[in-house]
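Visitor: Following this line is entry_37.cif, made up of mmCIF, C-alpha atoms:
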```cif
data_structure
loop_
_atom_site.label_atom_id
_atom_site.label_comp_id
_atom_site.auth_asym_id
_atom_site.auth_seq_id
_atom_site.Cartn_x
_atom_site.Cartn_y
_atom_site.Cartn_z
CA MET A 1 40.36 127.12 115.53
CA ASN A 2 39.34 126.93 119.19
CA THR A 3 42.49 125.14 120.32
CA SER A 4 41.50 124.90 123.99
CA VAL A 5 38.27 123.06 123.22
CA VAL A 6 39.98 120.84 120.65
CA LYS A 7 42.63 119.95 123.22
CA GLN A 8 40.02 119.01 125.81
CA LEU A 9 38.12 116.84 123.33
CA VAL A 10 41.34 115.08 122.32
CA LEU A 11 42.23 114.45 125.96
CA LYS A 12 38.72 113.12 126.57
CA ASP A 13 39.10 110.50 123.85
CA TRP A 14 42.57 109.61 125.12
CA TYR A 15 41.24 109.22 128.68
CA PHE A 16 38.39 106.89 127.71
CA ASN A 17 40.51 104.75 125.36
CA ARG A 18 43.69 104.46 127.40
CA GLY A 19 42.62 101.29 129.20
CA LEU A 20 41.77 99.30 126.07
CA LEU A 21 44.86 100.48 124.21
CA SER A 22 47.09 99.54 127.14
CA LEU A 23 45.46 96.10 127.30
CA PHE A 24 45.98 95.48 123.59
CA MET A 25 49.57 96.70 123.79
CA VAL A 26 50.43 94.36 126.64
CA GLY A 27 48.65 91.48 124.91
CA GLY A 28 50.49 92.13 121.65
CA LEU A 29 53.87 92.27 123.34
CA ILE A 30 53.18 89.04 125.22
CA ALA A 31 52.17 87.35 121.95
CA LEU A 32 55.40 88.56 120.32
CA CYS A 33 57.45 87.15 123.21
CA VAL A 34 55.63 83.82 122.94
CA SER A 35 56.34 83.64 119.20
CA ALA A 36 60.03 84.16 119.92
CA VAL A 37 60.34 81.12 122.18
CA THR A 38 57.96 78.66 120.51
CA HIS A 39 57.70 76.80 117.23
CA GLY A 40 55.09 75.30 114.98
CA PHE A 41 51.39 75.88 115.59
CA VAL A 42 51.88 77.84 118.83
CA GLN A 43 54.27 80.23 117.11
CA VAL A 44 51.81 80.80 114.27
CA MET A 45 48.96 81.48 116.70
CA ALA A 46 51.16 83.88 118.68
CA ALA A 47 51.98 85.77 115.46
CA VAL A 48 48.26 85.98 114.64
CA MET A 49 47.49 87.30 118.13
CA PHE A 50 50.25 89.90 117.82
CA MET A 51 48.80 91.15 114.55
CA ALA A 52 45.25 91.01 115.95
CA ALA A 53 46.27 93.18 118.92
CA SER A 54 48.01 95.61 116.55
CA SER A 55 45.01 95.84 114.23
CA THR A 56 42.49 96.72 116.95
CA VAL A 57 43.14 100.41 116.27
CA MET A 58 41.01 99.97 113.14
CA PHE A 59 37.97 99.80 115.44
CA MET A 60 38.72 103.03 117.29
CA PRO A 61 36.32 105.19 115.20
CA ILE A 62 33.48 103.02 116.50
CA TRP A 63 34.49 103.93 120.05
CA THR A 64 35.34 107.60 119.48
CA VAL A 65 32.75 108.68 116.87
CA VAL A 66 29.92 106.17 116.52
CA GLY A 67 29.84 105.47 120.25
CA GLU A 68 29.64 109.17 121.03
CA ARG A 69 26.36 109.42 119.16
CA SER A 70 24.86 106.16 120.44
CA GLN A 71 25.68 107.12 124.05
CA GLN A 72 24.10 110.56 123.59
CA ASN A 73 27.34 112.43 124.32
CA LEU A 74 27.12 114.56 121.19
CA PRO A 75 24.46 116.98 122.54
CA PHE A 76 26.90 117.99 125.28
CA ILE A 77 29.66 118.60 122.72
CA MET A 78 27.25 120.66 120.62
CA SER A 79 26.70 122.91 123.63
CA LEU A 80 30.40 123.81 123.66
CA PRO A 81 31.89 126.69 121.62
CA VAL A 82 33.10 124.29 118.94
CA SER A 83 32.65 124.40 115.18
CA ILE A 84 32.43 121.46 112.78
CA LYS A 85 36.06 122.12 111.84
CA ASN A 86 37.05 122.03 115.52
CA TYR A 87 35.07 118.84 116.08
CA THR A 88 36.59 117.14 113.02
CA MET A 89 40.13 118.09 114.04
CA ALA A 90 39.50 116.88 117.60
CA LYS A 91 38.16 113.53 116.40
CA VAL A 92 41.01 113.00 113.93
CA LEU A 93 43.66 113.82 116.53
CA GLY A 94 41.83 112.07 119.37
CA THR A 95 41.56 108.88 117.33
CA ILE A 96 44.82 108.78 115.39
CA MET A 97 47.24 109.97 118.09
CA PRO A 98 46.36 107.27 120.68
CA ALA A 99 46.34 104.69 117.86
CA LEU A 100 49.84 105.81 116.86
CA VAL A 101 51.08 105.10 120.38
CA LEU A 102 49.98 101.46 120.04
CA TRP A 103 51.02 101.31 116.36
CA LEU A 104 54.55 102.66 116.91
CA SER A 105 55.07 100.56 120.04
CA MET A 106 54.22 97.39 118.13
CA ILE A 107 56.49 98.35 115.23
CA ALA A 108 59.39 99.12 117.58
CA ALA A 109 58.84 95.81 119.37
CA TYR A 110 58.76 93.82 116.14
CA VAL A 111 61.82 95.54 114.64
CA THR A 112 63.75 94.92 117.88
CA PHE A 113 62.63 91.30 117.92
CA ALA A 114 63.56 90.73 114.25
CA THR A 115 66.95 92.42 114.40
CA VAL A 116 68.19 91.58 117.89
CA TYR A 117 66.54 88.43 119.19
CA GLU A 118 65.89 86.55 115.94
CA PRO A 119 67.98 88.11 113.13
CA THR A 120 66.87 85.45 110.66
CA ARG A 121 63.54 87.32 110.46
CA ALA A 122 65.01 90.71 109.61
CA GLY A 123 63.88 90.24 106.02
CA SER A 124 60.25 90.32 107.14
CA ILE A 125 60.50 93.92 108.40
CA PRO A 126 59.65 95.65 105.07
CA ILE A 127 56.38 93.76 104.49
CA THR A 128 55.53 94.12 108.18
CA LEU A 129 55.82 97.90 107.83
CA VAL A 130 53.55 97.72 104.78
CA THR A 131 51.02 95.78 106.84
CA PHE A 132 51.13 98.33 109.66
CA GLY A 133 50.77 101.09 107.09
CA MET A 134 47.62 99.38 105.87
CA ILE A 135 46.30 99.29 109.45
CA LEU A 136 46.76 103.06 109.73
CA ALA A 137 45.17 103.62 106.31
CA ILE A 138 42.13 101.52 107.27
CA LEU A 139 41.86 103.44 110.54
CA CYS A 140 41.69 106.70 108.55
CA ILE A 141 39.08 105.25 106.17
CA ASN A 142 36.91 104.01 109.04
CA LEU A 143 37.26 107.36 110.80
CA GLY A 144 36.35 109.30 107.67
CA VAL A 145 33.24 107.21 107.02
CA ALA A 146 32.12 107.50 110.65
CA LEU A 147 32.55 111.29 110.65
CA VAL A 148 31.02 112.00 107.26
CA THR A 149 28.03 109.64 107.40
CA GLU A 150 27.29 110.33 111.10
CA SER A 151 25.56 106.96 111.15
CA GLU A 152 26.21 103.77 113.07
CA LYS A 153 25.40 101.25 110.32
CA PRO A 154 27.74 102.55 107.56
CA GLY A 155 30.55 102.99 110.09
CA ILE A 156 30.26 99.42 111.38
CA LEU A 157 29.78 97.98 107.87
CA ILE A 158 32.90 99.67 106.46
CA THR A 159 34.89 98.64 109.53
CA ILE A 160 33.91 94.99 109.08
CA LEU A 161 34.65 95.03 105.34
CA CYS A 162 38.03 96.70 105.85
CA ASN A 163 38.90 94.25 108.60
CA ILE A 164 38.14 91.32 106.28
CA CYS A 165 40.23 92.88 103.51
CA PHE A 166 43.10 93.39 105.94
CA TRP A 167 43.21 89.75 106.99
CA PHE A 168 43.07 88.60 103.38
CA PHE A 169 45.94 90.98 102.59
CA TRP A 170 48.00 89.76 105.55
CA SER A 171 47.37 86.12 104.68
CA PHE A 172 48.21 86.29 100.99
CA THR A 173 51.12 88.73 100.93
CA SER A 174 53.30 86.16 102.70
CA GLN A 175 52.86 83.95 99.64
CA ALA A 176 53.70 86.68 97.12
CA SER A 177 56.81 86.12 95.01
CA PHE A 178 58.34 89.43 96.11
CA VAL A 179 57.81 88.66 99.80
CA ALA A 180 58.20 84.93 100.49
CA PRO A 181 61.96 84.67 99.65
CA ASP A 182 62.83 87.39 102.18
CA LEU A 183 60.66 86.36 105.14
CA MET A 184 63.34 84.19 106.75
CA SER A 185 66.31 86.19 105.48
CA PRO A 186 68.79 87.98 107.78
CA LYS A 187 68.98 90.83 105.27
CA ILE A 188 66.45 93.65 104.89
CA VAL A 189 65.62 93.98 101.20
CA TRP A 190 63.49 96.90 99.97
CA ARG A 191 62.04 95.53 96.77
CA ALA A 192 60.27 97.84 94.33
CA GLU A 193 56.91 96.16 94.96
CA VAL A 194 57.22 96.74 98.70
CA LEU A 195 58.08 100.40 98.20
CA TRP A 196 55.04 100.81 95.94
CA LEU A 197 52.83 99.26 98.61
CA LEU A 198 54.26 101.63 101.22
CA ALA A 199 53.62 104.57 98.91
CA GLY A 200 50.06 103.30 98.47
CA ASP A 201 49.56 103.28 102.24
CA VAL A 202 50.78 106.86 102.54
CA MET A 203 48.65 108.00 99.61
CA ALA A 204 45.55 106.32 101.02
CA ILE A 205 46.06 108.05 104.39
CA VAL A 206 46.61 111.50 102.87
CA VAL A 207 43.72 111.26 100.39
CA THR A 208 41.30 109.87 102.96
CA LEU A 209 42.02 112.63 105.49
CA ALA A 210 41.83 115.30 102.78
CA ILE A 211 38.43 114.05 101.58
CA THR A 212 37.18 113.79 105.16
CA PHE A 213 38.09 117.39 106.00
CA TYR A 214 36.64 118.62 102.70
CA LEU A 215 33.29 116.87 103.16
CA GLN A 216 33.11 117.96 106.78
CA SER A 217 33.79 121.58 105.78
CA ARG A 218 30.64 121.53 103.63
CA LYS A 219 28.40 120.74 106.59
CA THR A 220 26.54 123.47 108.42
CA ASP A 221 25.71 121.63 111.65
CA PHE A 222 26.27 118.40 113.58
CA LEU A 223 22.87 116.94 112.73
#
```
Now that the file is in, can you turn its structure into structure tokens?
Guide:
Amino acid sequence: MNTSVVKQLVLKDWYFNRGLLSLFMVGGLIALCVSAVTHGFVQVMAAVMFMAASSTVMFMPIWTVVGERSQQNLPFIMSLPVSIKNYTMAKVLGTIMPALVLWLSMIAAYVTFATVYEPTRAGSIPITLVTFGMILAILCINLGVALVTESEKPGILITILCNICFWFFWSFTSQASFVAPDLMSPKIVWRAEVLWLLAGDVMAIVVTLAITFYLQSRKTDFL
């Protein structure tokens, strides 16, 4: 593992994505603040904007992997002393680590909001963590497809499909029988169904990354 090259590639992705991630973070936090002081339709729209800002990390593989090929940056990377394993590790770290900064910041903000400023929403924390886990799982799926297929169309198609599935999941879980009773509760209840969903998020992340590294290891070049 050429750690110096991997580090530079990771820092490159962080440098080029820092502006967008900062913008989405600020926008998400503003939306969360608006939802805390409003009611009705405005509060619902603010909640949607908060989740939209949080879910933008799902599109990062398009910027870090697909965009690298479409902008003809890959030939330069190929000229470096970097193997496919190095490149894969750099892309995984360079995509997931910046996303985690946004992801964890949004989680911390929501947990603080639900436990300190509006305790009646503390019961929504478990399903919110499940939703954020799904965001990270979708990010890994999109990243894996972009790396393995090395093609713009499959990467964009999977990203769009996963994004649609995410919004359906977010919309309908609030109506589920094991979620709805706790949404406006001051108590945090870890129901069995919620724990299974969390386990599913973790499993999806681990399996997706494992398959991605395995398929990448079978390649002999970047082309």
Visitor: Would you mind listing what lies within 12 Å of Thr173 in chain A as a list in words, with only C-alpha atoms counted and same-chain residues fewer than 5 positions away left out?
Guide: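 Within the cut-off, the hits are Ser124, Pro126, Ile127, Thr128, Val130, Thr131, Cys165, Phe166, Trp167, Phe168, Phe178, Val179, Ala180, Pro181, Asp182, Leu183, Glu193, Val194 and Leu197 of chain A.
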Visitor: Deliver the residues from the most recent selection as a file, using C-alpha atoms, as an mmCIF file, in the frame of the given file.
Guide:
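Saved as out-v2.cif:
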```
data_model
loop_
_atom_site.group_PDB
_atom_site.id
_atom_site.type_symbol
_atom_site.label_atom_id
_atom_site.label_comp_id
_atom_site.auth_asym_id
_atom_site.auth_seq_id
_atom_site.Cartn_x
_atom_site.Cartn_y
_atom_site.Cartn_z
ATOM 1 C CA SER A 124 60.250 90.320 107.140
ATOM 2 C CA PRO A 126 59.650 95.650 105.070
ATOM 3 C CA ILE A 127 56.380 93.760 104.490
ATOM 4 C CA THR A 128 55.530 94.120 108.180
ATOM 5 C CA VAL A 130 53.550 97.720 104.780
ATOM 6 C CA THR A 131 51.020 95.780 106.840
ATOM 7 C CA CYS A 165 40.230 92.880 103.510
ATOM 8 C CA PHE A 166 43.100 93.390 105.940
ATOM 9 C CA TRP A 167 43.210 89.750 106.990
ATOM 10 C CA PHE A 168 43.070 88.600 103.380
ATOM 11 C CA PHE A 178 58.340 89.430 96.110
ATOM 12 C CA VAL A 179 57.810 88.660 99.800
ATOM 13 C CA ALA A 180 58.200 84.930 100.490
ATOM 14 C CA PRO A 181 61.960 84.670 99.650
ATOM 15 C CA ASP A 182 62.830 87.390 102.180
ATOM 16 C CA LEU A 183 60.660 86.360 105.140
ATOM 17 C CA GLU A 193 56.910 96.160 94.960
ATOM 18 C CA VAL A 194 57.220 96.740 98.700
ATOM 19 C CA LEU A 197 52.830 99.260 98.610
#
```
Visitor: The residues within 10 Å of (43.2, 114.9, 106.2), using all atoms listed in the file and the coordinates of the file, should be reported as a list in words; which are they?
Guide: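 Returned residue set, sorted by chain then number, is Thr88, Met89, Val92, Cys140, Gly144, Ile205, Val206, Val207, Thr208, Leu209, Ala210, Ile211, Thr212, Phe213 and Tyr214 of chain A.
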Visitor: One decimal, in Å: what's the spacing between CA of Lys12 in chain A and CA of Asp201 in chain A?
Guide: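 Distance reported for this atom pair: 28.4 Å.
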Visitor: With the PyMOL selection byres ((chain A and resi 94) around 9) as the selection, what would be picked from this file? Answer as a list in words, please.
Guide: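 Output from the PyMOL selection byres ((chain A and resi 94) around 9), applied to this file: Lys7, Leu9, Val10, Leu11, Lys12, Asp13, Trp14, Thr64, Met89, Ala90, Lys91, Val92, Leu93, Thr95, Ile96, Met97, Pro98 and Ala99 of chain A.
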Visitor: So, counting all atoms listed in the file, which residue among A:Gly133, A:Gly19, A:Pro154, A:Pro119 is closest to Ser55 in chain A?
Guide: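 Result for the nearest residue to Ser55 in chain A: A:Gly133.
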Visitor: CA of Met184 in chain A and CA of Ala108 in chain A are how many Å apart?
Guide: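 Interatomic distance, CA of Met184 in chain A to CA of Ala108 in chain A: 18.9 Å.
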Visitor: Can you list what the PyMOL selection byres ((chain A and resi 106) around 12) grabs from this structure, as a ChimeraX atom specification?
Guide: /A:21-22,24-33,50-57,99-105,107-113,128-129,131-132,135
Visitor: Dig up all the protein and nucleic acid residues within 8 Å of (39.9, 103.1, 110.1) in the file frame, using only C-alpha atoms, and format them as a PDB file with C-alpha atoms, in the coordinates of the input.
Guide:
```
ATOM      1  CA  VAL A  57      43.140 100.410 116.270  1.00  0.00           C
ATOM      2  CA  MET A  58      41.010  99.970 113.140  1.00  0.00           C
ATOM      3  CA  PHE A  59      37.970  99.800 115.440  1.00  0.00           C
ATOM      4  CA  MET A  60      38.720 103.030 117.290  1.00  0.00           C
ATOM      5  CA  PRO A  61      36.320 105.190 115.200  1.00  0.00           C
ATOM      6  CA  ILE A 135      46.300  99.290 109.450  1.00  0.00           C
ATOM      7  CA  LEU A 136      46.760 103.060 109.730  1.00  0.00           C
ATOM      8  CA  ALA A 137      45.170 103.620 106.310  1.00  0.00           C
ATOM      9  CA  ILE A 138      42.130 101.520 107.270  1.00  0.00           C
ATOM     10  CA  LEU A 139      41.860 103.440 110.540  1.00  0.00           C
ATOM     11  CA  CYS A 140      41.690 106.700 108.550  1.00  0.00           C
ATOM     12  CA  ILE A 141      39.080 105.250 106.170  1.00  0.00           C
ATOM     13  CA  ASN A 142      36.910 104.010 109.040  1.00  0.00           C
ATOM     14  CA  LEU A 143      37.260 107.360 110.800  1.00  0.00           C
ATOM     15  CA  GLY A 144      36.350 109.300 107.670  1.00  0.00           C
ATOM     16  CA  THR A 159      34.890  98.640 109.530  1.00  0.00           C
ATOM     17  CA  CYS A 162      38.030  96.700 105.850  1.00  0.00           C
TER      18      CYS A 162
END
```
Visitor: The PyMOL selection byres ((chain A and resi 84) around 10) on the file shown: which residues, as a list in words?
Guide: Met78, Val82, Ser83, Lys85, Asn86, Tyr87, Thr88, Met89, Ala90, Phe213, Gln216, Ser217, Arg218, Lys219, Thr220, Asp221 and Phe222 of chain A
Visitor: One decimal, Å: what's the distance from CA of Leu195 in chain A over to CA of Asn163 in chain A, could you say?
Guide: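 Computing it gives 22.7 Å between the two atoms.
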Visitor: Let me have the centre and edge lengths in Å, one decimal, of the box along x, y and z around every listed atom of range 124-143 of chain A with 3 Å of margin on each side, as AutoDock Vina command-line options.
Guide:
```
--center_x 48.7 --center_y 98.8 --center_z 107.6 --size_x 29.6 --size_y 23.0 --size_z 12.3
```
